[in-house]
Amino acid sequence: MQKKPALEEKFPVIPLVLICLLALWLRIPGINAGMPYFYAEDEAHHFNRTVEMVKEGRYDPQYFHKPSLHFYLRMPVVALSYLWSVKKGYINSVKEIETRNSFGLAGYAFTASHPGIVKWNRAFSVALSILTVLFTFLLCRQVTGRNAPSLVAALLLAVSPEFLINSPIIGVDILMALMCVVSSFAALVIYKNYSLTGLVVLGLLCGLAVSSKYNALPIAVLPLAVCIGLRKLHVRDLAIAALSPAAGFFLGSPFILISIPLFLDQLSYEIWHYGVAGHVGHSAQPGFEQAAFYAKWLVTDGMGWSACIIALAGLALLRSDRKKEAALFLVFPALFAALMIGQKANFTRNMVSLLPYVAILAAAGLDLLLRRLKIREDVRASFFWLCLPILCLQPLIRSLTHVRGIRSQPESRTEAQEWIRSDAAPRGDMAISGELQFPTAVYRLPAKSRIDTSKPLGLNLYQSGFDSLIAGPEFAPSAEERDLLLPLRKFEGVNEAQRVIMNPTIEAYEVRVDRAVATLEEKYRSNQLAEFLSITPDTASVGISCSDRDGKISRSVGENYCWLQNRFSALKFSFEAALPKSSNSKLTLALMTPWPEQTLQIEADGWKQTVDLSNVKPVEWTNISIVVPTEALRGDKGVLFRISQVHSPISQKIGNDTRRLGLAIREVLIEGVK
């Protein structure tokens, strides 16, 4: 039978569809991985920046560490996923999508407030990766002219562990890989069917590839390589070859033209970061050491030993069998490999765009090796397909292991969150570490508040009205703090500080009230109670003024009263008029509390009295009068006000005030008692 000319073989639709379905099946778990938590730093940053552009109706990314094409491609995805979320009843306004968190890296949220919107964006990344698999087939078909090796190349890329890992991530690497493969494919098509229009299209595609990631810069030489290969050296052709990639780049990142200083600063940082400084834990000396690092990666998570060895054979055989196509095909991977080997920083995700080319070399190498054997065509074909498991088995096993790992990945915060919501959790106000970055809904539960546990807590936990604490590895309590906390529950995980929080060890504590009270009483007796308020008449308005030891005003703007914001507060009454000369004084206070069942005990120098507030309605002002030894009002330690209830109105669902509030004092009157 006469062999069909190149590219006249019937297009293998069904095998190609099956390969794409396999690729999709492997990638679907990654769409849900970790949700609602982000485990990849760059993914969280890229997602949140894109959402902010949509929320603000802003097309200027105001960020050029990466080019802008991926932002513009993802903005419609964010908009569509938002509308889908509205239809499902998950959200009412685009402003509800949370992108900022003071505890996240660079102030960005690393917990998705609306995971569905993230999943849509990850699904878009998966779609880009499957398109890359498809164009890898098409590119290999242009290079080899045959279906069989092209299908193998697509399959190899589909099961590549590194390509699989990066496929669902919201980022730039898969987009860059796709644009580079599409550009190489276009270059070969135009090489065979040259036209100026085709050259312009090729240049624009190459420019868009660079606009997906700066590392793709070597792809910009493809139009020039086509002109040189075809000897199209007219000024017009060369000008198009040189200028069209630049046009494509600015088409994908137009705001660079009006933000040149910012662009230069951030691009220069990337050049310095990659080429000079390197990155902690991701660095090697440029040259041989860096080449060895990437070679080790290629034979493990990249493509596997067998595929890499046969790819070397493919590199040699392809150059001799199809010289012109091979030369044009190899322009980008050769220049790109040289560029990355010349850098100091090494992130394997940066090499994702090289994997389609390695897959093609491996598939072409196997095909060309067998074609050199002097055996019948049907026998050769049988050998070819029998060798397929040798190429694919190692990467497929590693990819399946990765998928199983995603499905079984532990996350302590999921179990802890369920416990916090359950009846097993302690009653009363609970302080929850903001460092753990639980979903916002957890911090909005009744009687739950977000606090910073990376700072010393001391007695503040009890003083602020909390009865329990949830903290992660960042919480390093002192011996005194340990003595004030009773361990309740531990959720095992990573017990060390992490740049991006992932499955952290979480501990639940109950505040030991007896020890906290004893410690505070001792501090009051020794005049060391930090919560010390000085009360004076307010000349600016009706009421009183108050300040702490440092002179800081202890009330909000517009309030003509003072809040006791701690369970133990020492008050010093600093009136201009002299205290009564009598041994006892009548102290009349105008009080208000938001909390039912509030209790108040006043004491000084051995004198103590409990004030009955049982009939006081929340948020209603009432006057109470007590007789106090005058000498107690003169003491340096002040008068101790001890209350039982301190809460935040927002955590109790009665207002939006985030302060911890206990008891308000509006007026004070002191009279002598005969």
# chains A, B, ... in the order shown; residues from 1 in each chain; ligands from 1

call {"tool": "residues_around", "arguments": {"residues": "Asn215 of chain A", "least_positions_apart": "6", "cutoff": "10 Å", "atoms": "only C-alpha atoms", "output": "PyMOL selection string"}}
result
chain A and resi 66+173+176+209+336+339-340+350-351+353

call {"tool": "write_last_selection", "arguments": {"atoms": "C-alpha atoms", "output": "PDB file, in the first residue's frame"}}
result
ATOM      1  CA  LYS A  66       3.415  39.884  35.486  1.00  0.00           C
ATOM      2  CA  ASP A 173       2.078  29.525  33.417  1.00  0.00           C
ATOM      3  CA  MET A 176       2.021  31.009  28.566  1.00  0.00           C
ATOM      4  CA  ALA A 209       2.532  34.981  24.438  1.00  0.00           C
ATOM      5  CA  PHE A 336      13.889  29.408  26.456  1.00  0.00           C
ATOM      6  CA  LEU A 339      17.322  31.694  29.262  1.00  0.00           C
ATOM      7  CA  MET A 340      16.108  29.741  32.285  1.00  0.00           C
ATOM      8  CA  ASN A 350       8.317  28.354  35.035  1.00  0.00           C
ATOM      9  CA  MET A 351       9.268  25.363  32.879  1.00  0.00           C
ATOM     10  CA  SER A 353       5.829  25.797  28.723  1.00  0.00           C
TER      11      SER A 353
END

call {"tool": "residues_around", "arguments": {"residues": "Pro115 of chain A", "least_positions_apart": "6", "cutoff": "10 Å", "atoms": "only C-alpha atoms", "output": "PyMOL selection string"}}
result
chain A and resi 32+35-37+85+97+121

call {"tool": "residues_around", "arguments": {"residues": "Leu312 of chain A", "least_positions_apart": "5", "cutoff": "10 Å", "atoms": "only C-alpha atoms", "output": "short mmCIF file (atom, residue, chain, number, x, y, z; two decimals) with N, CA and C atoms, in the first residue's frame"}}
result
data_model
loop_
_atom_site.label_atom_id
_atom_site.label_comp_id
_atom_site.auth_asym_id
_atom_site.auth_seq_id
_atom_site.Cartn_x
_atom_site.Cartn_y
_atom_site.Cartn_z
N ALA A 307 10.59 8.95 28.60
CA ALA A 307 10.26 9.99 27.63
C ALA A 307 11.44 10.92 27.39
N LEU A 317 17.33 12.78 15.72
CA LEU A 317 16.74 12.22 14.50
C LEU A 317 15.87 13.23 13.76
N LEU A 318 15.16 14.07 14.52
CA LEU A 318 14.28 15.04 13.87
C LEU A 318 15.08 16.05 13.06
N VAL A 358 9.01 18.88 24.85
CA VAL A 358 9.65 17.63 25.24
C VAL A 358 8.76 16.45 24.87
N LEU A 361 9.11 15.85 21.17
CA LEU A 361 10.41 15.23 20.85
C LEU A 361 10.40 13.75 21.21
N ALA A 362 9.79 13.40 22.37
CA ALA A 362 9.74 12.00 22.78
C ALA A 362 8.89 11.18 21.80
N GLY A 365 10.67 11.01 18.51
CA GLY A 365 11.84 10.15 18.64
C GLY A 365 11.49 8.68 18.56
#

call {"tool": "closest_residue", "arguments": {"among": "A:Leu355, A:Glu41, A:Gln652, A:Glu496", "to": "Tyr443 of chain A", "atoms": "only C-alpha atoms"}}
result
A:Gln652

call {"tool": "closest_residue", "arguments": {"among": "A:Ala246, A:Ile256, A:Ala664, A:Val143", "to": "Ser68 of chain A", "atoms": "only C-alpha atoms"}}
result
A:Ile256

call {"tool": "decode", "arguments": {"residues": "segment 213-359 of chain A", "atoms": "C-alpha atoms", "output": "short mmCIF file (atom, residue, chain, number, x, y, z; two decimals), in the first residue's frame"}}
result
data_model
loop_
_atom_site.label_atom_id
_atom_site.label_comp_id
_atom_site.auth_asym_id
_atom_site.auth_seq_id
_atom_site.Cartn_x
_atom_site.Cartn_y
_atom_site.Cartn_z
CA LYS A 213 4.50 36.05 30.96
CA TYR A 214 7.76 37.91 30.40
CA ASN A 215 9.68 34.60 30.36
CA ALA A 216 8.13 33.88 26.95
CA LEU A 217 10.28 36.60 25.35
CA PRO A 218 12.29 34.14 23.16
CA ILE A 219 9.07 33.29 21.27
CA ALA A 220 9.21 36.80 19.76
CA VAL A 221 12.01 35.71 17.39
CA LEU A 222 9.74 33.22 15.55
CA PRO A 223 8.51 35.69 12.88
CA LEU A 224 12.12 36.64 12.13
CA ALA A 225 13.10 32.94 12.02
CA VAL A 226 10.34 32.31 9.45
CA CYS A 227 11.61 35.18 7.28
CA ILE A 228 15.20 33.98 7.47
CA GLY A 229 14.24 30.35 6.77
CA LEU A 230 12.29 31.39 3.67
CA ARG A 231 14.81 34.08 2.71
CA LYS A 232 12.11 36.74 2.92
CA LEU A 233 14.56 39.51 3.70
CA HIS A 234 12.68 42.45 2.25
CA VAL A 235 12.53 45.48 4.58
CA ARG A 236 8.73 45.19 4.72
CA ASP A 237 8.85 41.55 5.85
CA LEU A 238 11.59 42.17 8.40
CA ALA A 239 9.76 45.22 9.78
CA ILE A 240 6.58 43.19 10.26
CA ALA A 241 8.58 40.39 11.87
CA ALA A 242 10.14 42.84 14.31
CA LEU A 243 7.21 45.12 15.10
CA SER A 244 4.21 42.78 15.16
CA PRO A 245 5.34 40.95 18.36
CA ALA A 246 5.69 44.34 20.08
CA ALA A 247 2.18 45.24 18.91
CA GLY A 248 0.84 41.95 20.25
CA PHE A 249 2.56 42.52 23.59
CA PHE A 250 1.02 45.96 24.09
CA LEU A 251 -2.32 44.67 22.83
CA GLY A 252 -2.31 42.28 25.79
CA SER A 253 -0.81 44.77 28.28
CA PRO A 254 -1.86 48.23 27.06
CA PHE A 255 -1.55 50.08 30.37
CA ILE A 256 2.21 49.55 30.36
CA LEU A 257 2.32 52.42 27.84
CA ILE A 258 0.91 54.87 30.40
CA SER A 259 2.59 53.34 33.45
CA ILE A 260 6.16 53.10 32.19
CA PRO A 261 7.89 54.01 35.51
CA LEU A 262 5.90 51.36 37.41
CA PHE A 263 6.45 48.83 34.63
CA LEU A 264 10.21 49.44 34.59
CA ASP A 265 10.47 49.24 38.37
CA GLN A 266 8.54 45.98 38.63
CA LEU A 267 10.14 44.38 35.57
CA SER A 268 13.59 45.29 36.88
CA TYR A 269 12.66 43.65 40.19
CA GLU A 270 11.79 40.43 38.35
CA ILE A 271 15.08 40.54 36.43
CA TRP A 272 16.97 41.08 39.70
CA HIS A 273 14.91 38.44 41.51
CA TYR A 274 15.50 35.76 38.90
CA GLY A 275 18.99 36.61 37.71
CA VAL A 276 20.79 38.14 40.68
CA ALA A 277 19.16 37.52 44.06
CA GLY A 278 17.50 34.15 43.54
CA HIS A 279 14.83 32.92 45.94
CA VAL A 280 15.23 31.19 49.30
CA GLY A 281 14.79 27.46 48.76
CA HIS A 282 14.53 27.89 44.99
CA SER A 283 18.00 28.81 43.76
CA ALA A 284 20.98 27.29 41.96
CA GLN A 285 24.05 28.69 40.29
CA PRO A 286 23.37 29.62 36.65
CA GLY A 287 24.83 27.21 34.14
CA PHE A 288 25.65 23.59 34.87
CA GLU A 289 24.12 23.50 38.36
CA GLN A 290 20.86 25.00 37.14
CA ALA A 291 20.81 22.68 34.10
CA ALA A 292 21.28 19.69 36.42
CA PHE A 293 18.40 20.87 38.58
CA TYR A 294 16.02 21.11 35.63
CA ALA A 295 17.25 17.82 34.16
CA LYS A 296 16.44 16.06 37.43
CA TRP A 297 13.01 17.70 37.42
CA LEU A 298 12.35 16.62 33.81
CA VAL A 299 13.03 12.95 34.49
CA THR A 300 10.79 12.93 37.59
CA ASP A 301 7.85 15.36 37.71
CA GLY A 302 8.40 16.75 34.23
CA MET A 303 8.04 13.90 31.77
CA GLY A 304 9.72 10.78 33.17
CA TRP A 305 12.96 8.92 32.44
CA SER A 306 11.81 7.00 29.38
CA ALA A 307 10.26 9.99 27.63
CA CYS A 308 13.31 12.18 28.31
CA ILE A 309 15.78 9.59 26.99
CA ILE A 310 13.76 9.03 23.82
CA ALA A 311 13.31 12.81 23.50
CA LEU A 312 17.11 13.09 23.16
CA ALA A 313 16.95 10.59 20.33
CA GLY A 314 14.09 12.57 18.83
CA LEU A 315 16.17 15.74 19.02
CA ALA A 316 18.92 14.12 16.97
CA LEU A 317 16.74 12.22 14.50
CA LEU A 318 14.28 15.04 13.87
CA ARG A 319 17.06 17.40 12.88
CA SER A 320 18.25 14.94 10.25
CA ASP A 321 14.86 13.73 9.04
CA ARG A 322 12.88 17.00 8.85
CA LYS A 323 15.56 19.67 9.07
CA LYS A 324 13.57 22.79 8.23
CA GLU A 325 10.53 21.99 10.39
CA ALA A 326 12.79 20.83 13.23
CA ALA A 327 14.86 24.01 13.15
CA LEU A 328 11.81 26.25 13.36
CA PHE A 329 10.17 24.02 15.96
CA LEU A 330 13.27 24.12 18.19
CA VAL A 331 13.79 27.90 18.11
CA PHE A 332 11.67 28.65 21.17
CA PRO A 333 12.47 25.65 23.43
CA ALA A 334 16.22 26.03 22.79
CA LEU A 335 16.28 29.76 23.53
CA PHE A 336 13.89 29.41 26.46
CA ALA A 337 15.94 26.60 28.05
CA ALA A 338 19.10 28.71 27.67
CA LEU A 339 17.32 31.69 29.26
CA MET A 340 16.11 29.74 32.28
CA ILE A 341 19.38 27.88 32.80
CA GLY A 342 21.05 31.28 32.91
CA GLN A 343 18.89 32.41 35.85
CA LYS A 344 19.60 31.96 39.54
CA ALA A 345 16.04 31.41 40.77
CA ASN A 346 14.38 28.14 39.81
CA PHE A 347 10.67 27.48 40.08
CA THR A 348 9.60 24.37 38.21
CA ARG A 349 6.30 26.01 37.26
CA ASN A 350 8.32 28.35 35.04
CA MET A 351 9.27 25.36 32.88
CA VAL A 352 5.70 24.21 32.18
CA SER A 353 5.83 25.80 28.72
CA LEU A 354 8.78 23.52 27.83
CA LEU A 355 6.83 20.32 28.47
CA PRO A 356 4.81 20.26 25.20
CA TYR A 357 8.05 20.45 23.22
CA VAL A 358 9.65 17.63 25.24
CA ALA A 359 6.51 15.52 24.73
#
